[in-house]
Amino acid sequence: MTAHENTAHSAVLKILGRLLVFAIFCGAAWLLYTEIRKYSLSQILDSIGRIPTAALVASLIFAIINYIILIGYDWLALKAIHKKLSLPKVSLVSFIGQAVSYNFGALLGGSAVRFRFYSLWGFSPMEFVRLILMLAVTFWIGALGLTGALFIFFPPDIPEELGVHLPFSPFFLGTILLAVAVGYLVICAVLHKPLHIFRREFSFPPFHIASAQALVAGADLICAGACLYILLPADSGIGFFEFLPAYLLAMVAVVLTHVPGGAGVLEVIILHLTDIDRQSVLAALICFRVIYYLLPLLLAALIFVLHEIITRTGKAQ
């Protein structure tokens, strides 16, 4: 296959990928619309107004704590690829990168923002690719381990209307997911040399970094889930660890579908997986979007603009 054919093939796959993401978004948006149209705007606003101020403040505190925890992703990725940066720089790129990723997707915005910062600080393209890979590994190890444990002890009921049919029990699936996460830790503990697969070198981080990856990602997902859970009605009758599997499934679906911000996907899955008054859940999701997604994005945009102004002013002098 010629270079021209390779380029054409890549372009076609890229277009098909975007069409698939758009189709998923349209499907999720339609399902969400069919749910929202059951209620009037006044009903939704009334439900939002019923959320206690204390719950809103608590949700905001959980969001702040969560974004602090997220610094661990970049910090551990830097440790894994043997690079050093000051904590203020790591915090800066982590906050802006995560806020943009959550709203526009890692592929559309988050990676580009991170590349801007890391290239400015002297990282080579290959070092940046390795760092992004470690960020992804951190999320998936935490997500698989936590989801596996919850599926074992708090198996969720998946409604038929979601169109998801597991070929085996949640307990069995949870055991597999947990085994994958534990397997990664074992490999990191016993394998100290790089692997060579298809003429490419793959290095695993030391066990202490791998363990920290699992803990950071697990804490991230638990804290983010708490940020939404605290907004649900106090008399909903659902415990936090019963709600958390639904939230994790929603977040995994958001990451896999690559829909920017998980728009529609997150809402549809949470609405169908929680056995609570859907009007109240919808109100909680709207507030969660504002607190966890929009407010950090606005702050990140302001910080990014100020950073660019300072950087350009410094170069001009």
# chains A, B, ... in the order shown; residues from 1 in each chain; ligands from 1

call {"tool": "select_by_dssp", "arguments": {"residues": "segment 130-272 of chain A", "states": "alpha helix (DSSP H)", "output": "ChimeraX atom specification"}}
result
/A:130-153,170-190,207-229,240-257,265-272

call {"tool": "residues_around", "arguments": {"residues": "segment 201-213 of chain A", "least_positions_apart": "2", "cutoff": "7 Å", "atoms": "only C-alpha atoms", "output": "list of chain:residue names"}}
result
A:Leu76, A:Ala80, A:Thr138, A:Gly142, A:Leu185, A:Cys188, A:Ala189, A:Lys193, A:Pro194, A:Leu195, A:His196, A:Ile197, A:Arg199, A:Leu215, A:Val216, A:Ala217

call {"tool": "residues_around", "arguments": {"residues": "Phe154 of chain A", "least_positions_apart": "6", "cutoff": "12 Å", "atoms": "only C-alpha atoms", "output": "PyMOL selection string"}}
result
chain A and resi 146-148+170-171+174+238-246

call {"tool": "write_last_selection", "arguments": {"atoms": "N, CA and C atoms", "output": "PDB file, in the first residue's frame"}}
result
ATOM      1  N   LEU A 146     -12.508  -0.626  40.081  1.00  0.00           N
ATOM      2  CA  LEU A 146     -13.642  -0.173  40.890  1.00  0.00           C
ATOM      3  C   LEU A 146     -14.948  -0.749  40.371  1.00  0.00           C
ATOM      4  N   THR A 147     -15.133  -0.740  39.042  1.00  0.00           N
ATOM      5  CA  THR A 147     -16.354  -1.304  38.466  1.00  0.00           C
ATOM      6  C   THR A 147     -16.456  -2.793  38.768  1.00  0.00           C
ATOM      7  N   GLY A 148     -15.328  -3.496  38.662  1.00  0.00           N
ATOM      8  CA  GLY A 148     -15.322  -4.931  38.964  1.00  0.00           C
ATOM      9  C   GLY A 148     -15.741  -5.207  40.391  1.00  0.00           C
ATOM     10  N   PRO A 170     -23.586 -10.053  36.177  1.00  0.00           N
ATOM     11  CA  PRO A 170     -22.726  -8.945  36.616  1.00  0.00           C
ATOM     12  C   PRO A 170     -21.601  -9.426  37.530  1.00  0.00           C
ATOM     13  N   PHE A 171     -21.869 -10.442  38.358  1.00  0.00           N
ATOM     14  CA  PHE A 171     -20.828 -10.969  39.250  1.00  0.00           C
ATOM     15  C   PHE A 171     -19.656 -11.521  38.444  1.00  0.00           C
ATOM     16  N   GLY A 174     -17.856  -8.657  36.793  1.00  0.00           N
ATOM     17  CA  GLY A 174     -17.073  -7.943  37.792  1.00  0.00           C
ATOM     18  C   GLY A 174     -15.784  -8.676  38.133  1.00  0.00           C
ATOM     19  N   ILE A 238     -31.927   5.149  47.528  1.00  0.00           N
ATOM     20  CA  ILE A 238     -30.797   4.465  46.912  1.00  0.00           C
ATOM     21  C   ILE A 238     -29.508   4.878  47.621  1.00  0.00           C
ATOM     22  N   GLY A 239     -28.727   3.876  48.038  1.00  0.00           N
ATOM     23  CA  GLY A 239     -27.471   4.146  48.713  1.00  0.00           C
ATOM     24  C   GLY A 239     -26.378   4.545  47.721  1.00  0.00           C
ATOM     25  N   PHE A 240     -25.319   5.154  48.258  1.00  0.00           N
ATOM     26  CA  PHE A 240     -24.254   5.637  47.375  1.00  0.00           C
ATOM     27  C   PHE A 240     -23.615   4.498  46.585  1.00  0.00           C
ATOM     28  N   PHE A 241     -23.324   3.383  47.239  1.00  0.00           N
ATOM     29  CA  PHE A 241     -22.661   2.270  46.556  1.00  0.00           C
ATOM     30  C   PHE A 241     -23.618   1.475  45.669  1.00  0.00           C
ATOM     31  N   GLU A 242     -24.899   1.754  45.777  1.00  0.00           N
ATOM     32  CA  GLU A 242     -25.861   1.215  44.818  1.00  0.00           C
ATOM     33  C   GLU A 242     -25.959   2.131  43.597  1.00  0.00           C
ATOM     34  N   PHE A 243     -25.734   3.421  43.824  1.00  0.00           N
ATOM     35  CA  PHE A 243     -25.770   4.396  42.731  1.00  0.00           C
ATOM     36  C   PHE A 243     -24.482   4.384  41.923  1.00  0.00           C
ATOM     37  N   LEU A 244     -23.354   4.136  42.599  1.00  0.00           N
ATOM     38  CA  LEU A 244     -22.044   4.268  41.955  1.00  0.00           C
ATOM     39  C   LEU A 244     -21.865   3.384  40.720  1.00  0.00           C
ATOM     40  N   PRO A 245     -22.334   2.107  40.714  1.00  0.00           N
ATOM     41  CA  PRO A 245     -22.182   1.310  39.475  1.00  0.00           C
ATOM     42  C   PRO A 245     -22.852   1.964  38.264  1.00  0.00           C
ATOM     43  N   ALA A 246     -24.013   2.588  38.477  1.00  0.00           N
ATOM     44  CA  ALA A 246     -24.695   3.269  37.369  1.00  0.00           C
ATOM     45  C   ALA A 246     -23.851   4.431  36.862  1.00  0.00           C
TER      46      ALA A 246
END

call {"tool": "atom_distance", "arguments": {"atom1": "atom CA of Thr311 of chain A", "atom2": "atom CA of Pro296 of chain A"}}
result
21.9 Å

call {"tool": "residues_around", "arguments": {"residues": "Leu177 of chain A", "least_positions_apart": "2", "cutoff": "10 Å", "atoms": "only C-alpha atoms", "output": "list in words"}}
result
Ile141, Ala143, Leu144, Gly145, Leu146, Thr147, Gly148, Ala149, Phe151, Ile152, Phe171, Phe172, Leu173, Gly174, Thr175, Ala179, Val180, Ala181, Val182 and Gly183 of chain A

call {"tool": "residues_around", "arguments": {"residues": "Phe288 of chain A", "least_positions_apart": "2", "cutoff": "8 Å", "atoms": "only C-alpha atoms", "output": "NGL selection string"}}
result
:A and (59 or 227-228 or 231 or 284-286 or 290-293)

call {"tool": "residues_around", "arguments": {"residues": "Gln98 of chain A", "least_positions_apart": "6", "cutoff": "12 Å", "atoms": "only C-alpha atoms", "output": "ChimeraX atom specification"}}
result
/A:66-74,90-92,104-107,109-114,135,220,261,292-294,296-297,299-301

call {"tool": "write_last_selection", "arguments": {"atoms": "C-alpha atoms", "output": "PDB file, in the first residue's frame"}}
result
ATOM      1  CA  ASN A  66     -12.116  15.900  42.580  1.00  0.00           C
ATOM      2  CA  TYR A  67     -10.188  18.345  40.387  1.00  0.00           C
ATOM      3  CA  ILE A  68      -7.400  18.315  42.999  1.00  0.00           C
ATOM      4  CA  ILE A  69      -7.342  14.507  42.825  1.00  0.00           C
ATOM      5  CA  LEU A  70      -7.152  14.714  39.033  1.00  0.00           C
ATOM      6  CA  ILE A  71      -3.723  16.343  39.331  1.00  0.00           C
ATOM      7  CA  GLY A  72      -2.538  12.856  40.269  1.00  0.00           C
ATOM      8  CA  TYR A  73      -3.158  11.639  36.709  1.00  0.00           C
ATOM      9  CA  ASP A  74      -0.532  13.949  35.189  1.00  0.00           C
ATOM     10  CA  VAL A  90       1.368  20.029  36.737  1.00  0.00           C
ATOM     11  CA  SER A  91      -1.681  21.539  38.439  1.00  0.00           C
ATOM     12  CA  LEU A  92      -2.098  24.084  35.652  1.00  0.00           C
ATOM     13  CA  PHE A 104     -15.123  18.694  24.385  1.00  0.00           C
ATOM     14  CA  GLY A 105     -13.578  15.235  24.625  1.00  0.00           C
ATOM     15  CA  ALA A 106      -9.936  14.196  24.918  1.00  0.00           C
ATOM     16  CA  LEU A 107      -9.542  13.839  21.153  1.00  0.00           C
ATOM     17  CA  GLY A 109      -9.701  19.431  22.912  1.00  0.00           C
ATOM     18  CA  GLY A 110      -8.023  17.928  25.945  1.00  0.00           C
ATOM     19  CA  SER A 111      -5.008  16.438  24.173  1.00  0.00           C
ATOM     20  CA  ALA A 112      -4.477  19.584  22.099  1.00  0.00           C
ATOM     21  CA  VAL A 113      -4.433  21.755  25.225  1.00  0.00           C
ATOM     22  CA  ARG A 114      -2.025  19.403  26.970  1.00  0.00           C
ATOM     23  CA  LEU A 135      -3.131   9.006  31.487  1.00  0.00           C
ATOM     24  CA  ASP A 220     -11.481  10.312  41.178  1.00  0.00           C
ATOM     25  CA  GLY A 261     -18.747  16.013  27.141  1.00  0.00           C
ATOM     26  CA  TYR A 292     -18.773  19.717  37.405  1.00  0.00           C
ATOM     27  CA  TYR A 293     -18.470  20.666  33.725  1.00  0.00           C
ATOM     28  CA  LEU A 294     -19.373  24.281  32.918  1.00  0.00           C
ATOM     29  CA  PRO A 296     -14.530  24.484  35.688  1.00  0.00           C
ATOM     30  CA  LEU A 297     -14.516  25.091  31.920  1.00  0.00           C
ATOM     31  CA  LEU A 299     -12.429  29.049  35.001  1.00  0.00           C
ATOM     32  CA  ALA A 300     -10.041  26.999  32.852  1.00  0.00           C
ATOM     33  CA  ALA A 301     -10.710  29.251  29.843  1.00  0.00           C
TER      34      ALA A 301
END

call {"tool": "residues_around", "arguments": {"residues": "Gly49 of chain A", "least_positions_apart": "4", "cutoff": "9 Å", "atoms": "only C-alpha atoms", "output": "ChimeraX atom specification"}}
result
/A:44-45,283

call {"tool": "write_last_selection", "arguments": {"atoms": "C-alpha atoms", "output": "short mmCIF file (atom, residue, chain, number, x, y, z; two decimals), in the first residue's frame"}}
result
data_model
loop_
_atom_site.label_atom_id
_atom_site.label_comp_id
_atom_site.auth_asym_id
_atom_site.auth_seq_id
_atom_site.Cartn_x
_atom_site.Cartn_y
_atom_site.Cartn_z
CA ILE A 44 -37.91 21.00 35.67
CA LEU A 45 -37.15 24.43 37.17
CA ALA A 283 -32.78 18.28 37.81
#
